[in-house]
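**Q** Got a structure for you, questions after.
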Amino acid sequence: MSITSSAVLVEMNISVWTANKTDKGATEGMLISNGAASDAAQVRKNLMAGTSARKEIADYAAGCRLWHNTRTLPWADKGARLLPTSLFLDYKSEANIRRDTFNQMVDEFIGNYPALMQTARYYMGSLFNEDDYPSAEAVRDKFGYRLVFSPVPESGDFRLDLPAQDIREMEQSYQSAFNDRVAEAMRTPWDQLHKMLSTMSAKLTEGDEDSKKRWHDTFVTHAQDMCSMLTHLNVAKDPKLEAARRQLEVAMIGVDIEDVKDSVLVRTNLREKLDVILKGYEW
């Protein structure tokens, strides 16, 4: 199956107002009082001092970007990433829910904007300057949540009035870049699997500090989730990646975190299975 039919490109752009401002007046006063001749020092102030409302939106946006990255693969240097078509419907549904939540948070922030300014006035003291604050409408425009889906372009469709030799060179150049991007995209799930296996194996290794180790349900559930996600992220249908994924899936069958906590034998057996996978592939 061609990667152009097993994946689409998706670009997520989420913008958040920084609420930072350089206070030139305070900067100049500080430079004079310090006898400094350089203008390198600057006073940066947070226009939303005393409230976490803007940061909560920024943190939510960061969580959305992380979620986006865990379900897609790298493609372009910036912007678009590769989304497996098998994940498309679930991804779009979740992305829309996240967009609605983001917009609701922004609407509440804008609705409270005048009150937040008064809170900032109290916390900022002499640094507060009402002229620093954009209008509520202008602030609203600094927030955004945008998704763009597009097909993965194939080489061979250069509809240009150029000599045949130049067209062939362009096609070859694009195909080479295309192959490099596919290879980079497929490197990601291999790296994710290797990191998980190595981390799990290290934790399962017995040592003097073993009694101090903390075991959480996520030790098992993260591995199970990885197995599920790799069935989608293997867009190039790499048989070796699928074999490694299946080995991990089989190794985790019947594994209970309570048994892992209590039994050295369970930990040793599981570690041996994971080490077989680690030694079986060229990572």
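As shown in the structure tokens, the chain order sets the letters A, B, ...; within each chain, residues go from 1, and ligands are also counted from 1 in the order they appear.
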For A:Ala58, work out the shell of residues within 10 Å, counting only C-alpha atoms and skipping chain neighbours fewer than 6 positions away, then give it as an MDAnalysis selection string.
**A** chainID A and resid 14:18 52 64 102 143
**Q** Deliver the residues from the most recent selection as a file, using C-alpha atoms, as a short mmCIF file (atom, residue, chain, number, x, y, z; two decimals), in the first residue's frame.
**A**
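Dumped to part_2.cif:
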```cif
data_model
loop_
_atom_site.label_atom_id
_atom_site.label_comp_id
_atom_site.auth_asym_id
_atom_site.auth_seq_id
_atom_site.Cartn_x
_atom_site.Cartn_y
_atom_site.Cartn_z
CA ILE A 14 -2.64 26.96 17.95
CA SER A 15 -1.80 30.51 18.91
CA VAL A 16 -2.00 32.01 22.39
CA TRP A 17 -1.57 35.62 23.48
CA THR A 18 1.74 35.93 25.35
CA SER A 52 -3.52 32.07 35.94
CA CYS A 64 -3.18 19.69 22.44
CA PHE A 102 -10.05 25.88 23.62
CA PHE A 143 -5.85 33.27 20.07
#
```
**Q** Could you list, as a PDB file with C-alpha atoms, in the first residue's frame, every residue within 12 Å of A:Asp262, counting only C-alpha atoms and ignoring same-chain residues fewer than 4 positions away?
**A**
```
ATOM      1  CA  ASP A 210      14.826  -2.274  43.881  1.00  0.00           C
ATOM      2  CA  SER A 211      12.879  -1.939  47.114  1.00  0.00           C
ATOM      3  CA  LYS A 213      11.163   1.540  43.059  1.00  0.00           C
ATOM      4  CA  ARG A 214       7.628   2.759  42.610  1.00  0.00           C
ATOM      5  CA  TRP A 215       5.359   0.813  40.312  1.00  0.00           C
ATOM      6  CA  ASP A 256      -0.631  -7.521  36.089  1.00  0.00           C
ATOM      7  CA  ILE A 257       1.025  -4.598  37.850  1.00  0.00           C
ATOM      8  CA  GLU A 258       0.443  -6.181  41.263  1.00  0.00           C
ATOM      9  CA  VAL A 266       7.534 -12.075  37.101  1.00  0.00           C
ATOM     10  CA  ARG A 267       9.849  -9.096  36.697  1.00  0.00           C
ATOM     11  CA  THR A 268      12.727 -11.297  35.517  1.00  0.00           C
TER      12      THR A 268
END
```
**Q** From a backbone DSSP assignment, name each residue in stretch 39-251 of chain A labelled strand (DSSP E), as a ChimeraX atom specification.
**A** /A:44-46,73-74,81-84,144-151
**Q** If we count only C-alpha atoms, what is near A:Glu282 at a cut-off of 10 Å, once residues fewer than 2 positions away on the same chain are taken out, given as a list in words?
**A** Trp190, Lys240, Leu278, Lys279 and Gly280 of chain A
**Q** Would you mind writing down, as JSON, numbers by chain, each residue of stretch 167-234 of chain A that DSSP on the backbone assigns to helix (DSSP H, G or I)?
**A** {"A": [167, 168, 169, 170, 171, 172, 173, 174, 175, 176, 177, 178, 179, 180, 181, 182, 183, 184, 185, 186, 187, 188, 189, 190, 191, 192, 193, 194, 195, 196, 197, 198, 199, 200, 201, 202, 203, 204, 210, 211, 212, 218, 219, 220, 221, 222, 223, 224, 225, 226, 227, 228, 229, 230, 231, 232, 233]}
**Q** Now that the selection is made, can you save its residues with C-alpha atoms as a PDB file, in the first residue's frame?
**A**
```pdb
ATOM      1  CA  ILE A 167      10.924  18.024 -15.536  1.00  0.00           C
ATOM      2  CA  ARG A 168      12.693  14.699 -14.989  1.00  0.00           C
ATOM      3  CA  GLU A 169      15.235  16.331 -12.683  1.00  0.00           C
ATOM      4  CA  MET A 170      12.429  17.921 -10.661  1.00  0.00           C
ATOM      5  CA  GLU A 171      10.629  14.595 -10.389  1.00  0.00           C
ATOM      6  CA  GLN A 172      13.814  12.841  -9.268  1.00  0.00           C
ATOM      7  CA  SER A 173      14.539  15.566  -6.727  1.00  0.00           C
ATOM      8  CA  TYR A 174      11.015  15.389  -5.326  1.00  0.00           C
ATOM      9  CA  GLN A 175      11.082  11.582  -5.173  1.00  0.00           C
ATOM     10  CA  SER A 176      14.372  11.671  -3.276  1.00  0.00           C
ATOM     11  CA  ALA A 177      12.972  14.194  -0.783  1.00  0.00           C
ATOM     12  CA  PHE A 178       9.756  12.140  -0.535  1.00  0.00           C
ATOM     13  CA  ASN A 179      11.719   8.981   0.289  1.00  0.00           C
ATOM     14  CA  ASP A 180      13.746  10.845   2.916  1.00  0.00           C
ATOM     15  CA  ARG A 181      10.555  12.082   4.557  1.00  0.00           C
ATOM     16  CA  VAL A 182       9.036   8.604   4.613  1.00  0.00           C
ATOM     17  CA  ALA A 183      12.219   7.248   6.189  1.00  0.00           C
ATOM     18  CA  GLU A 184      12.177  10.003   8.824  1.00  0.00           C
ATOM     19  CA  ALA A 185       8.495   9.416   9.546  1.00  0.00           C
ATOM     20  CA  MET A 186       9.091   5.692  10.055  1.00  0.00           C
ATOM     21  CA  ARG A 187      12.084   6.368  12.300  1.00  0.00           C
ATOM     22  CA  THR A 188       9.730   7.898  14.880  1.00  0.00           C
ATOM     23  CA  PRO A 189       7.713   4.774  15.836  1.00  0.00           C
ATOM     24  CA  TRP A 190      10.923   2.725  15.952  1.00  0.00           C
ATOM     25  CA  ASP A 191      12.468   5.289  18.317  1.00  0.00           C
ATOM     26  CA  GLN A 192       9.341   5.364  20.477  1.00  0.00           C
ATOM     27  CA  LEU A 193       9.279   1.583  20.755  1.00  0.00           C
ATOM     28  CA  HIS A 194      12.990   1.370  21.536  1.00  0.00           C
ATOM     29  CA  LYS A 195      12.726   4.019  24.248  1.00  0.00           C
ATOM     30  CA  MET A 196       9.808   2.242  25.886  1.00  0.00           C
ATOM     31  CA  LEU A 197      11.470  -1.183  25.791  1.00  0.00           C
ATOM     32  CA  SER A 198      14.762   0.189  27.141  1.00  0.00           C
ATOM     33  CA  THR A 199      13.025   2.068  29.956  1.00  0.00           C
ATOM     34  CA  MET A 200      10.933  -0.933  30.952  1.00  0.00           C
ATOM     35  CA  SER A 201      13.903  -3.308  30.851  1.00  0.00           C
ATOM     36  CA  ALA A 202      15.988  -0.980  33.005  1.00  0.00           C
ATOM     37  CA  LYS A 203      13.254  -0.691  35.602  1.00  0.00           C
ATOM     38  CA  LEU A 204      12.752  -4.462  35.665  1.00  0.00           C
ATOM     39  CA  ASP A 210      14.826  -2.274  43.881  1.00  0.00           C
ATOM     40  CA  SER A 211      12.879  -1.939  47.114  1.00  0.00           C
ATOM     41  CA  LYS A 212      12.620   1.798  46.555  1.00  0.00           C
ATOM     42  CA  THR A 218       0.970   3.041  33.616  1.00  0.00           C
ATOM     43  CA  PHE A 219       3.956   0.667  33.489  1.00  0.00           C
ATOM     44  CA  VAL A 220       1.566  -1.844  31.912  1.00  0.00           C
ATOM     45  CA  THR A 221      -0.990   0.433  30.271  1.00  0.00           C
ATOM     46  CA  HIS A 222       1.590   2.567  28.439  1.00  0.00           C
ATOM     47  CA  ALA A 223       3.024  -0.561  26.813  1.00  0.00           C
ATOM     48  CA  GLN A 224      -0.452  -1.731  25.842  1.00  0.00           C
ATOM     49  CA  ASP A 225      -1.267   1.697  24.419  1.00  0.00           C
ATOM     50  CA  MET A 226       1.996   1.665  22.469  1.00  0.00           C
ATOM     51  CA  CYS A 227       1.029  -1.647  20.861  1.00  0.00           C
ATOM     52  CA  SER A 228      -2.318  -0.203  19.827  1.00  0.00           C
ATOM     53  CA  MET A 229      -0.869   3.041  18.471  1.00  0.00           C
ATOM     54  CA  LEU A 230       1.878   1.314  16.466  1.00  0.00           C
ATOM     55  CA  THR A 231      -0.749  -0.504  14.403  1.00  0.00           C
ATOM     56  CA  HIS A 232      -1.718   2.937  13.086  1.00  0.00           C
ATOM     57  CA  LEU A 233       1.664   4.683  12.965  1.00  0.00           C
TER      58      LEU A 233
END
```
**Q** Report the distance between atom CA of A:Gly50 and atom CA of A:Gln118 in Å, rounded to one decimal place.
**A** 9.7 Å
**Q** Which one is closest to A:Tyr145: A:Ile57, A:Val255, A:Ala236, A:Val43? Count only C-alpha atoms.
**A**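 Of A:Ile57, A:Val255, A:Ala236, A:Val43, the one nearest A:Tyr145, counting only C-alpha atoms, is A:Ile57.
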**Q** Take atom CA of A:Ala62 and atom CA of A:Ala80 and report the distance between them in Å, one decimal.
**A**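 Interatomic distance, atom CA of A:Ala62 to atom CA of A:Ala80: 16.9 Å.
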**Q** Considering only C-alpha atoms, state which residue in the set A:Glu206, A:Glu11, A:Glu272, A:Asp141 is at the smallest distance from A:Trp75.
**A**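 Among the listed residues, A:Glu11 lies closest to A:Trp75.
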**Q** Residues near A:Ala95, anyone? I mean within 9 Å using only C-alpha atoms, not counting same-chain ones fewer than 4 positions away, as a VMD selection string.
**A** chain A and resid 64 68 90 to 91 99 to 100 147
**Q** Since we have the selection now, will you write its residues out, keeping N, CA and C atoms, as a PDB file, in the first residue's frame?
**A**
```pdb
ATOM      1  N   CYS A  64      -2.624  20.031  23.753  1.00  0.00           N
ATOM      2  CA  CYS A  64      -3.185  19.692  22.440  1.00  0.00           C
ATOM      3  C   CYS A  64      -2.071  19.391  21.440  1.00  0.00           C
ATOM      4  N   HIS A  68      -1.427  15.885  19.570  1.00  0.00           N
ATOM      5  CA  HIS A  68      -1.290  15.872  18.106  1.00  0.00           C
ATOM      6  C   HIS A  68      -0.017  15.120  17.693  1.00  0.00           C
ATOM      7  N   ASP A  90     -11.139   9.245  14.339  1.00  0.00           N
ATOM      8  CA  ASP A  90     -10.951   9.456  15.776  1.00  0.00           C
ATOM      9  C   ASP A  90     -10.177  10.738  16.040  1.00  0.00           C
ATOM     10  N   TYR A  91      -9.142  10.972  15.230  1.00  0.00           N
ATOM     11  CA  TYR A  91      -8.337  12.187  15.395  1.00  0.00           C
ATOM     12  C   TYR A  91      -9.201  13.431  15.187  1.00  0.00           C
ATOM     13  N   ARG A  99     -10.772  21.731  20.070  1.00  0.00           N
ATOM     14  CA  ARG A  99     -10.965  23.075  19.524  1.00  0.00           C
ATOM     15  C   ARG A  99     -12.106  23.784  20.245  1.00  0.00           C
ATOM     16  N   ASP A 100     -13.224  23.096  20.457  1.00  0.00           N
ATOM     17  CA  ASP A 100     -14.364  23.709  21.132  1.00  0.00           C
ATOM     18  C   ASP A 100     -14.013  24.079  22.570  1.00  0.00           C
ATOM     19  N   LEU A 147      -6.880  23.768  12.069  1.00  0.00           N
ATOM     20  CA  LEU A 147      -6.473  22.477  11.516  1.00  0.00           C
ATOM     21  C   LEU A 147      -6.629  22.507  10.003  1.00  0.00           C
TER      22      LEU A 147
END
```
